[in-house]
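Here is the structure we will look at.
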Amino acid sequence: MTRDVFEALADPTRREVVRRLAEGGPATATELAGELPVTRQAVAKHLAVLDRAGLVEGRRNGREVHYTVRPERLDEAVRVMAGVTAQWERRLRVIKVRLEAIKRAAEAAHRESQAD
Amino acid sequence: VIEVGAVRRSVVLRAPVEAVWAALTDGGHLSAWLGGDVEVDAFPGGQIVVREDGRLRRGVIVDLEPLRHLEIRWLPPSRRLGFLWGPDEESAGSAGAVEFVLEAVRGQAATRLTVVERAPSATGQPSALAVPSR
């Protein structure tokens with residue numbers, strides 16, 4: 001669900017984890033903890049949240065779990081944001097046209113009253 | 001600061017803040033540009049109801065500072081009634097929020113209108129949802 005995606009990405013450390021996995025490829029919680037300023041336990045908790053949101057998935061390899069990003073979930077979040085942005089751009093165009101038409105009508109009425 | 005799950009857009013309107021404020025707080029104006037059929041009680045704690053394509057969206061005005069600021073928190077949809085951020089949205093404390101900021105520019109002749117729409121998760125728990133009695 002998109003909601004979980006936004007919630008998961010609201011945290012800067014989790015964004016950093018996603019960025020690291022997207023750019024650097026699969027990694028374990030231990031490897032991520034070595035590269036980021038957080039403990040392995042904290043990384044494991046963040047990975048669990050990202051996993052629930054469907055943003056990462058873990059593959060067990062012996063005793064290690066290697067995490068990778070699931071780009072389709074990120075794409076989905078980006079699409080939702082783009083849709084909302086387009087909707088507001090459309091509405092703001094309409095309010096602009098409307099207010100400027102009201103203003104022109106008021107100015108025309110004022111000119112007519114002056115001419116009388 | 002990057003706001004994940006927030007959309008921010010700004011426009012300069014050739015109209016004084018009073019006219020822009022009316023467009024944001026009058027049901028007739030809102031129906032014309034926001035989309036749908038809008039009813040609004042423009043006071044803090046007041047309700048806004050938007051009916052569009054058989055869907056109903058309900059919100060509460062959580063902040064109102066005349067001519068300057070208006071913030072609406074959308075309420076979670078009732079069963080089979082409307083949604084804001086996607087058909088798979090779960091009911092929770094809030095279904096997102098929208099905020100309008102007005103600033104006079106070019107010596108009162110124009111107004112910069114900024115709109116920020118926040119996704120449910122970025123909104124957090126709406127503590128301001130305790131609606132004052134009328």
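Chain labels A, B, ... are given in the sequence in which chains occur in the structure tokens; within each chain residues are numbered consecutively from 1, and ligands are likewise numbered from 1 in the order shown.
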- Task: Enumerate the residues of range 3-64 of chain A with a DSSP assignment of strand (DSSP E), computed from the backbone, and present them as a PyMOL selection string.
- Result: chain A and resi 56-61+64
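Non-sequential neighbours of Ile95 in chain A (distance at most 9 Å, separation of 2 or more positions within a chain, only C-alpha atoms) are Arg90, Arg91, Leu92, Arg93, Val97, Arg98, Leu99 and Glu100 of chain A; Leu13, Val20, Ala23, His29, Leu30, Ala32, Trp33 and Leu34 of chain B.
For the pair CA of Val115 in chain B and CA of Val98 in chain B, the interatomic distance is 7.0 Å.
Of the residues listed (A:Ala42, A:Val94, A:Ala82, A:Leu55), A:Val94 shows the shortest atom-to-atom separation from chain B; distances use only C-alpha atoms.
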- Rank B:Arg58, B:Val12, B:Phe100, B:Val49 by their smallest atom-to-atom distance to Leu70 in chain B, using only C-alpha atoms, and report the top residue only. B:Phe100
Distance table requested - chain A against chain B, cut-off 12 Å, only C-alpha atoms: one row per qualifying residue with the closest atom pair and its distance in Å to one decimal, ordered by chain and rising residue number, as a Markdown table.
| residue | atom | partner | partner_atom | distance |
| --- | --- | --- | --- | --- |
| A:Met1 | CA | B:Asp88 | CA | 6.4 |
| A:Thr2 | CA | B:Gly86 | CA | 7.5 |
| A:Arg3 | CA | B:Ser121 | CA | 6.1 |
| A:Asp4 | CA | B:Ser121 | CA | 7.4 |
| A:Val5 | CA | B:Ser121 | CA | 8.6 |
| A:Phe6 | CA | B:Gly5 | CA | 5.6 |
| A:Glu7 | CA | B:Ser121 | CA | 4.8 |
| A:Ala8 | CA | B:Ser121 | CA | 8.6 |
| A:Leu9 | CA | B:Val4 | CA | 6.6 |
| A:Ala10 | CA | B:Val4 | CA | 5.8 |
| A:Asp11 | CA | B:Val4 | CA | 9.0 |
| A:Pro12 | CA | B:Ile2 | CA | 9.3 |
| A:Arg14 | CA | B:Val4 | CA | 11.8 |
| A:Arg15 | CA | B:Val4 | CA | 9.6 |
| A:Leu74 | CA | B:Val4 | CA | 11.6 |
| A:Glu76 | CA | B:Gly86 | CA | 10.8 |
| A:Ala77 | CA | B:Gly5 | CA | 8.2 |
| A:Val78 | CA | B:Gly5 | CA | 9.1 |
| A:Arg79 | CA | B:Gly86 | CA | 11.1 |
| A:Val80 | CA | B:Trp85 | CA | 7.5 |
| A:Met81 | CA | B:Val7 | CA | 6.9 |
| A:Ala82 | CA | B:Val7 | CA | 8.7 |
| A:Gly83 | CA | B:Trp85 | CA | 9.7 |
| A:Val84 | CA | B:Val7 | CA | 7.1 |
| A:Thr85 | CA | B:Val7 | CA | 6.1 |
| A:Ala86 | CA | B:Val7 | CA | 9.9 |
| A:Gln87 | CA | B:Leu34 | CA | 9.5 |
| A:Trp88 | CA | B:Arg9 | CA | 7.2 |
| A:Glu89 | CA | B:Arg9 | CA | 7.3 |
| A:Arg90 | CA | B:Trp33 | CA | 9.0 |
| A:Arg91 | CA | B:Trp33 | CA | 5.8 |
| A:Leu92 | CA | B:Val11 | CA | 7.0 |
| A:Arg93 | CA | B:Val11 | CA | 8.5 |
| A:Val94 | CA | B:Trp33 | CA | 5.6 |
| A:Ile95 | CA | B:Trp33 | CA | 5.5 |
| A:Lys96 | CA | B:Leu13 | CA | 5.7 |
| A:Val97 | CA | B:Leu13 | CA | 8.8 |
| A:Arg98 | CA | B:Trp33 | CA | 7.9 |
| A:Leu99 | CA | B:Ala15 | CA | 6.5 |
| A:Glu100 | CA | B:Arg14 | CA | 6.2 |
| A:Ala101 | CA | B:Ala15 | CA | 9.9 |
| A:Ile102 | CA | B:Ala15 | CA | 9.0 |
| A:Lys103 | CA | B:Ala15 | CA | 6.9 |
| A:Arg104 | CA | B:Ala15 | CA | 10.0 |
| A:Ala106 | CA | B:Ala15 | CA | 11.3 |
| A:Glu107 | CA | B:Ala15 | CA | 11.7 |
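With only C-alpha atoms as the atoms that count, the residue of A:Arg59, A:His66, A:Arg52, A:His110 with the shortest distance to Leu32 in chain A is A:His66.
Take CA of Gly59 in chain B and CA of Glu18 in chain B: the distance between them is 23.1 Å.
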- For Thr30 in chain A, please output as a ChimeraX atom specification all residues within 9 Å (counting only C-alpha atoms; exclusion window: fewer than 2 positions along the same chain). /A:27-28,32-35,39-41,43-44
- Query: Of the residues B:Asp41, B:Arg51, B:Val17, B:Glu71, which is the one nearest to Ala110 in chain B, using only C-alpha atoms?
  - Reply: B:Val17
